[in-house]
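Worksheet: the structure to be examined is printed underneath.
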Amino acid sequence: MNKEVHSGERVAVYPGSFDPVTMGHLDIITRASKQFDRLVVAVLNNKSKNPLFSVEERVELLEMVTKDLPNVEVDSFRDLTASYVRVKGADVIVRGIRSVTDFEYELQLASLNKKLNKDAETIFMMTDPIYSYLSSSVVKEIASFNGDVTDLVSKEVEEALRRKVNEKKALE
Ligand code: ADP
């Protein structure tokens with residue numbers, strides 16, 4: 001979905017893999033959506049990461065979990081984040097931080113993006129402590145052993161994970 005850019009609007013982009021979207025991501029999306037006129041949640045189409053869900057599936061899941069947030073739009077991109085942000089008419093990149101390890105990586109990324117697009121500011125949002133341990137990888141690991149992922153992801157994501165795990169098992 002591509003909503004029009006209106007001048008004077010504060011547009012932010014929240015880029016990531018979202019493989020799949022977790023409650024930690026959703027918390028950042030919800031909080032960030034209150035700070036901007038529009039928030040574009042953008043799935044990075046990064047072939048090198050060997051994702052569990054296709055870009056289309058990740059976009060679809062994000063659309064489901066953000067359906068009640070009217071100023072949030074979901075998109076995907078292949079460009080450099082710095083270029084994508086410019087195309088979307090955004091001047092802010094939102095990223096989430098869970099730990100010092102996240103911080104080191106995110107600082108490097110933010111500095112690189114600043115070098116590539118000096119008009120874009122990276123803004124960090126601290127995780128809600130209840131999600132500080134939560135990542136897509138953890139969720140995938142638990143789901144692969146048919147463990148309980150309630151509270152970590154939405155119902156839609158839980159179902160999608162179950163389907164994906166069963167599909168994979170059927171192929172083994
Ligand atoms: P990437 O591969 O770009 O790191 P992710 O989907 O893993 O993509 O994460 C996207 C962003 O969301 C990153 O800034 C990451 O630090 C943040 N994030 C991930 N999980 C959480 C969480 N539980 N709480 C807060 N931020 C999070």
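Residues are named by chain letter and number: chains run A, B, ... in the order of the structure tokens, numbers start at 1 in each chain, and ligands are numbered from 1 in the order shown.
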
Residues near segment 60-76 of chain A, anyone? I mean within 10 Å using only C-alpha atoms, not counting same-chain ones fewer than 5 positions away, as a JSON list (two decimals) with C-alpha atoms, in the first residue's frame.
[["chain", "number", "residue", "atom", "x", "y", "z"],
["A", 1, "MET", "CA", 0.00, 0.00, 0.00],
["A", 2, "ASN", "CA", 1.47, 3.38, -0.94],
["A", 3, "LYS", "CA", -0.14, 6.34, 0.78],
["A", 11, "VAL", "CA", 7.01, 10.52, 8.21],
["A", 12, "ALA", "CA", 9.17, 7.85, 9.84],
["A", 13, "VAL", "CA", 10.34, 4.51, 8.53],
["A", 14, "TYR", "CA", 10.78, 1.47, 10.79],
["A", 15, "PRO", "CA", 12.89, -0.94, 8.75],
["A", 16, "GLY", "CA", 13.66, -4.53, 9.68],
["A", 17, "SER", "CA", 13.49, -8.19, 8.79],
["A", 18, "PHE", "CA", 10.32, -8.90, 10.79],
["A", 19, "ASP", "CA", 10.75, -12.66, 10.24],
["A", 20, "PRO", "CA", 8.15, -12.78, 11.79],
["A", 21, "VAL", "CA", 6.83, -9.69, 13.58],
["A", 22, "THR", "CA", 6.89, -10.16, 17.39],
["A", 23, "MET", "CA", 5.17, -8.38, 20.27],
["A", 25, "HIS", "CA", 8.22, -5.09, 17.23],
["A", 26, "LEU", "CA", 4.52, -4.35, 17.68],
["A", 29, "ILE", "CA", 5.37, 0.22, 16.10],
["A", 30, "THR", "CA", 2.54, 1.28, 18.42],
["A", 32, "ALA", "CA", 6.40, 5.14, 17.28],
["A", 33, "SER", "CA", 3.06, 5.62, 15.49],
["A", 34, "LYS", "CA", 2.10, 8.09, 18.24],
["A", 36, "PHE", "CA", 4.73, 10.73, 13.82],
["A", 37, "ASP", "CA", 1.98, 11.59, 11.36],
["A", 38, "ARG", "CA", 2.80, 8.46, 9.45],
["A", 39, "LEU", "CA", 4.92, 5.40, 10.17],
["A", 40, "VAL", "CA", 6.07, 3.13, 7.34],
["A", 41, "VAL", "CA", 7.00, -0.33, 8.58],
["A", 42, "ALA", "CA", 9.33, -1.61, 5.88],
["A", 43, "VAL", "CA", 10.38, -5.22, 5.39],
["A", 44, "LEU", "CA", 13.91, -5.44, 4.08],
["A", 45, "ASN", "CA", 14.16, -7.89, 1.21],
["A", 53, "PHE", "CA", 8.82, -16.31, 5.86],
["A", 54, "SER", "CA", 8.81, -14.78, 2.38],
["A", 55, "VAL", "CA", 8.71, -10.99, 2.10],
["A", 84, "TYR", "CA", 14.47, 4.09, 0.60],
["A", 153, "VAL", "CA", 3.56, -13.04, 18.98],
["A", 154, "SER", "CA", 0.00, -12.31, 17.88],
["A", 155, "LYS", "CA", -2.55, -15.07, 17.17],
["A", 156, "GLU", "CA", -2.09, -14.60, 13.40],
["A", 157, "VAL", "CA", 1.68, -15.03, 13.66],
["A", 160, "ALA", "CA", 1.44, -18.85, 10.53]]

* Asked: Leu161 of chain A: which residues within 8 Å, counting only C-alpha atoms, same-chain residues fewer than 4 positions away excluded, as a list in words?
  -> Lys140, Ala143, Val157 and Val165 of chain A

Prev. selection, C-alpha atoms, output as a short mmCIF file (atom, residue, chain, number, x, y, z; two decimals), in the first residue's frame:
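Saved as out38.cif:
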data_model
loop_
_atom_site.label_atom_id
_atom_site.label_comp_id
_atom_site.auth_asym_id
_atom_site.auth_seq_id
_atom_site.Cartn_x
_atom_site.Cartn_y
_atom_site.Cartn_z
CA LYS A 140 11.30 -19.37 15.50
CA ALA A 143 8.03 -22.76 17.39
CA VAL A 157 1.68 -15.03 13.66
CA VAL A 165 6.68 -25.65 10.99
#

* To do: Tell me, as a PyMOL selection string, which residues lie within 10 Å of segment 115-119 of chain A, counting only C-alpha atoms; anything in the same chain fewer than 3 positions away does not count.
  => chain A and resi 80-83+85-86+90-92+109-112+122

Contact table chain A vs ligand 1, cut-off 6 Å, shortest pair per residue, only C-alpha atoms and all ligand atoms, as a Markdown table:
| residue | atom | partner | partner_atom_place_in_ligand_line | distance |
| --- | --- | --- | --- | --- |
| A:Gly16 | CA | ligand 1 | 3 (O) | 3.6 |
| A:Ser17 | CA | ligand 1 | 6 (O) | 3.8 |
| A:Phe18 | CA | ligand 1 | 6 (O) | 3.7 |
| A:Gly24 | CA | ligand 1 | 23 (N) | 3.5 |
| A:His25 | CA | ligand 1 | 21 (C) | 5.2 |
| A:Arg95 | CA | ligand 1 | 14 (O) | 3.7 |
| A:Gly96 | CA | ligand 1 | 26 (N) | 3.5 |
| A:Ile97 | CA | ligand 1 | 16 (O) | 4.7 |
| A:Arg98 | CA | ligand 1 | 25 (C) | 5.4 |
| A:Asp102 | CA | ligand 1 | 16 (O) | 5.9 |
| A:Thr127 | CA | ligand 1 | 25 (C) | 3.9 |
| A:Tyr131 | CA | ligand 1 | 23 (N) | 4.5 |
| A:Ser132 | CA | ligand 1 | 23 (N) | 5.2 |
| A:Leu134 | CA | ligand 1 | 23 (N) | 4.3 |
| A:Ser135 | CA | ligand 1 | 20 (N) | 4.7 |

* Enumerate the residues of chain A with a DSSP assignment of alpha helix (DSSP H), computed from the backbone, and present them as number ranges by chain. => A: 23-33, 55-65, 81-87, 100-116, 136-144, 155-171

* Could you pull out all residues of chain A with a DSSP call of strand (DSSP E or B) and give them as a VMD selection string? -> chain A and resid 11 to 16 38 to 44 72 to 77 92 to 97 121 to 126 150 153

* Asked: Which one of A:Ile93, A:Met125, A:Leu52, A:Ala120 sits closest to Ser137 of chain A if you count only C-alpha atoms?
  -> A:Leu52

* Asked: So which one's closest to Lys168 of chain A, A:Val59, A:Val94, A:Ser144, A:Thr150? Using only C-alpha atoms, please.
  -> A:Ser144
